[in-house]
Amino acid sequence: MTVDPQEGAQILRGHIEETAAATSKPFAVNVPVGRDSSGRVLPVSAAYIDAVLQARADDRTIADQLRVIITSAGYPGEFRERISASGLVHAHKVGSTRQAVKAVAAGVDAVIASGYEMGGHTHAAPVHTFVLVPNVTQSVDVPVVLSGGARDGRSLAAALALGADAIAMGTRFIATEDNVDWHPAYREIILNAGEGDDVIFPAVYGPARGLRNQGVKELFRILESGELDDEAVTRWKDEALVRAQRHGDVENGLVAAGQVASGINDIVAISRFIPALVEDAARILAGLTATVRTKEHAVPSDPTTQSQTKQR
Ligand SMILES: Cc1cc2nc3c(=O)[nH]c(=O)nc-3n(C[C@H](O)[C@H](O)[C@H](O)COP(=O)(O)O)c2cc1C
């Protein structure tokens with residue numbers, strides 16, 4: 001993508017048309033809602049949302065297929081009315097219970113609760129998935145998707161146990177046979193990553209998580225030296241991501257990835273991986289009921305008396 005709003009909107013429209021032509025299935029578009037230092041929505045974010053709504057308004061087939069918009073990065077309140085009027089299902093990605101409650105109050109249809117261990121843009125406050133998700137599920141009455149650290153059927157089973165309705169994976173999908181756009185070296189470095197190989201660095205909309213390498217070191221050096229202005233730094237980051245993704249320079253580029261990279265050891269094919277993941281989750285959940293021993297006189301806890309999440 002690009003920082004120029006009109007050019008960005010055109011590129012996004014092209015991707016939407018390409019996707020609609022490549023499948024008859026429904027699909028979603030993700031738009032990060034960035035803000036400048038005074039809190040105003042970035043023109044590029046507004047242009048992307050306009051492009052999504054316009055594509056649906058212009059083309060009946062696109063409207064039938066493009067059914068979901070996922071906003072992330074920042075509060076999407078300004079866009080709620082138009083998104084809702086267009087008939088799109090609106091899911092918003094959050095990193096805290098406060099953000100989840102605020103998004104639901106604004107009318108979003110679902111929230112994606114993404115914990116701090118996630119890959120790519122993460123959140124300013126470090127709340128990890130295992131704490132965040134039950135906090136959110138007990139605080140909102142819309143479907144909740146767990147994101148951050150999920151990798152397999154065990155993750156889906158755990159998500160359901162925490163009160164979530166689904167999982168959304170990011171890093172896992174990098175190491176797939178289907179990811180033919182990215183350089184094989186990127187997949188390879190995900191397979192080789194171990195615990196502790198990840199690092200947080202300042203990205204475009206806030207902090208992001210990626211693998212520690214020379215590229216991240218260089219970014220911190222550039223930021224400390226002050227040798228580039230804000231726009232040039234953003235351009236450097238964009239180019240560094242492309243360097244890793246497209247050209248396979250995973251040492252000097254920026255390699256966005258989550259902590260779960262440490263648990264990813266194989267390249268999978270999505271068409272087989274997802275059905276197997278769901279089967280695994282069902283088997284795990286069925287098997288677990290037998291392993292939990294309850295005391296004869298125990299009284300199950302009343303969900304209405306469960307501790308409430310304290311929001312700040
Ligand atoms: C390389 C990469 C790029 C990402 N880009 C976006 C993005 O553009 N918008 C967004 O909302 N999330 C983005 N994410 C976050 C994912 O959608 C997802 O929430 C996250 O990866 C979940 O954590 P996991 O990596 O542990 O699975 C990205 C993640 C990765 C690893």
# chains A, B, ... in the order shown; residues from 1 in each chain; ligands from 1

call {"tool": "residues_around", "arguments": {"residues": "Phe130 of chain A", "least_positions_apart": "4", "cutoff": "10 Å", "atoms": "only C-alpha atoms", "output": "PyMOL selection string"}}
result
chain A and resi 114-116+134-135+146+148-149+158-159+162

call {"tool": "select_by_dssp", "arguments": {"residues": "segment 21-220 of chain A", "states": "strand (DSSP E or B)", "output": "ChimeraX atom specification"}}
result
/A:27-32,35,41,66-72,89-94,110-114,120-121,144-147,166-168,176,198-202,207-211

call {"tool": "residues_near_ligand", "arguments": {"ligand": "ligand 1", "cutoff": "7 Å", "atoms": "only C-alpha atoms and all ligand atoms", "output": "list in words"}}
result
Asn30, Val31, Pro32, Thr71, Ser72, Ala73, Lys93, Ser114, Glu117, Met118, Gly119, Gly120, His121, Ser147, Gly148, Gly149, Ala150, Arg151, Ala168, Met169, Gly170, Thr171, Arg172, Ala256, Ala257, Gly258, Gln259 and Val260 of chain A

call {"tool": "atom_distance", "arguments": {"atom1": "atom CA of Tyr186 of chain A", "atom2": "atom CA of Leu223 of chain A"}}
result
24.8 Å

call {"tool": "residues_around", "arguments": {"residues": "Val101 of chain A", "least_positions_apart": "4", "cutoff": "8 Å", "atoms": "only C-alpha atoms", "output": "VMD selection string"}}
result
chain A and resid 97 105 139 to 140

call {"tool": "residues_around", "arguments": {"residues": "Val68 of chain A", "least_positions_apart": "2", "cutoff": "12 Å", "atoms": "only C-alpha atoms", "output": "number ranges by chain"}}
result
A: 26-31, 49, 52-53, 56, 62-66, 70-71, 83-84, 86-92, 108-110

call {"tool": "decode", "arguments": {"residues": "segment 10-21 of chain A", "atoms": "N, CA, C and O atoms", "output": "mmCIF file, in the first residue's frame"}}
result
data_model
loop_
_atom_site.group_PDB
_atom_site.id
_atom_site.type_symbol
_atom_site.label_atom_id
_atom_site.label_comp_id
_atom_site.auth_asym_id
_atom_site.auth_seq_id
_atom_site.Cartn_x
_atom_site.Cartn_y
_atom_site.Cartn_z
ATOM 1 N N GLN A 10 -7.131 3.384 -4.996
ATOM 2 C CA GLN A 10 -7.168 2.697 -6.297
ATOM 3 C C GLN A 10 -6.557 1.300 -6.220
ATOM 4 O O GLN A 10 -7.080 0.340 -6.800
ATOM 5 N N ILE A 11 -5.429 1.218 -5.512
ATOM 6 C CA ILE A 11 -4.765 -0.095 -5.363
ATOM 7 C C ILE A 11 -5.697 -1.059 -4.622
ATOM 8 O O ILE A 11 -5.881 -2.209 -5.028
ATOM 9 N N LEU A 12 -6.316 -0.555 -3.539
ATOM 10 C CA LEU A 12 -7.227 -1.410 -2.768
ATOM 11 C C LEU A 12 -8.401 -1.867 -3.638
ATOM 12 O O LEU A 12 -8.784 -3.045 -3.617
ATOM 13 N N ARG A 13 -8.955 -0.952 -4.425
ATOM 14 C CA ARG A 13 -10.071 -1.305 -5.318
ATOM 15 C C ARG A 13 -9.646 -2.425 -6.283
ATOM 16 O O ARG A 13 -10.391 -3.371 -6.530
ATOM 17 N N GLY A 14 -8.417 -2.311 -6.772
ATOM 18 C CA GLY A 14 -7.882 -3.345 -7.661
ATOM 19 C C GLY A 14 -7.823 -4.697 -6.959
ATOM 20 O O GLY A 14 -8.207 -5.730 -7.522
ATOM 21 N N HIS A 15 -7.352 -4.693 -5.688
ATOM 22 C CA HIS A 15 -7.266 -5.951 -4.929
ATOM 23 C C HIS A 15 -8.661 -6.535 -4.694
ATOM 24 O O HIS A 15 -8.855 -7.749 -4.746
ATOM 25 N N ILE A 16 -9.624 -5.662 -4.402
ATOM 26 C CA ILE A 16 -11.004 -6.132 -4.155
ATOM 27 C C ILE A 16 -11.542 -6.791 -5.428
ATOM 28 O O ILE A 16 -12.119 -7.892 -5.380
ATOM 29 N N GLU A 17 -11.343 -6.142 -6.565
ATOM 30 C CA GLU A 17 -11.862 -6.692 -7.831
ATOM 31 C C GLU A 17 -11.173 -8.014 -8.166
ATOM 32 O O GLU A 17 -11.807 -8.976 -8.612
ATOM 33 N N GLU A 18 -9.860 -8.057 -7.917
ATOM 34 C CA GLU A 18 -9.093 -9.271 -8.199
ATOM 35 C C GLU A 18 -9.605 -10.432 -7.328
ATOM 36 O O GLU A 18 -9.777 -11.556 -7.811
ATOM 37 N N THR A 19 -9.858 -10.142 -6.059
ATOM 38 C CA THR A 19 -10.333 -11.189 -5.141
ATOM 39 C C THR A 19 -11.722 -11.674 -5.561
ATOM 40 O O THR A 19 -11.989 -12.883 -5.601
ATOM 41 N N ALA A 20 -12.606 -10.726 -5.878
ATOM 42 C CA ALA A 20 -13.972 -11.096 -6.283
ATOM 43 C C ALA A 20 -13.948 -11.953 -7.544
ATOM 44 O O ALA A 20 -14.758 -12.875 -7.689
ATOM 45 N N ALA A 21 -12.992 -11.670 -8.434
ATOM 46 C CA ALA A 21 -12.915 -12.430 -9.679
ATOM 47 C C ALA A 21 -12.322 -13.821 -9.441
ATOM 48 O O ALA A 21 -12.590 -14.760 -10.190
#
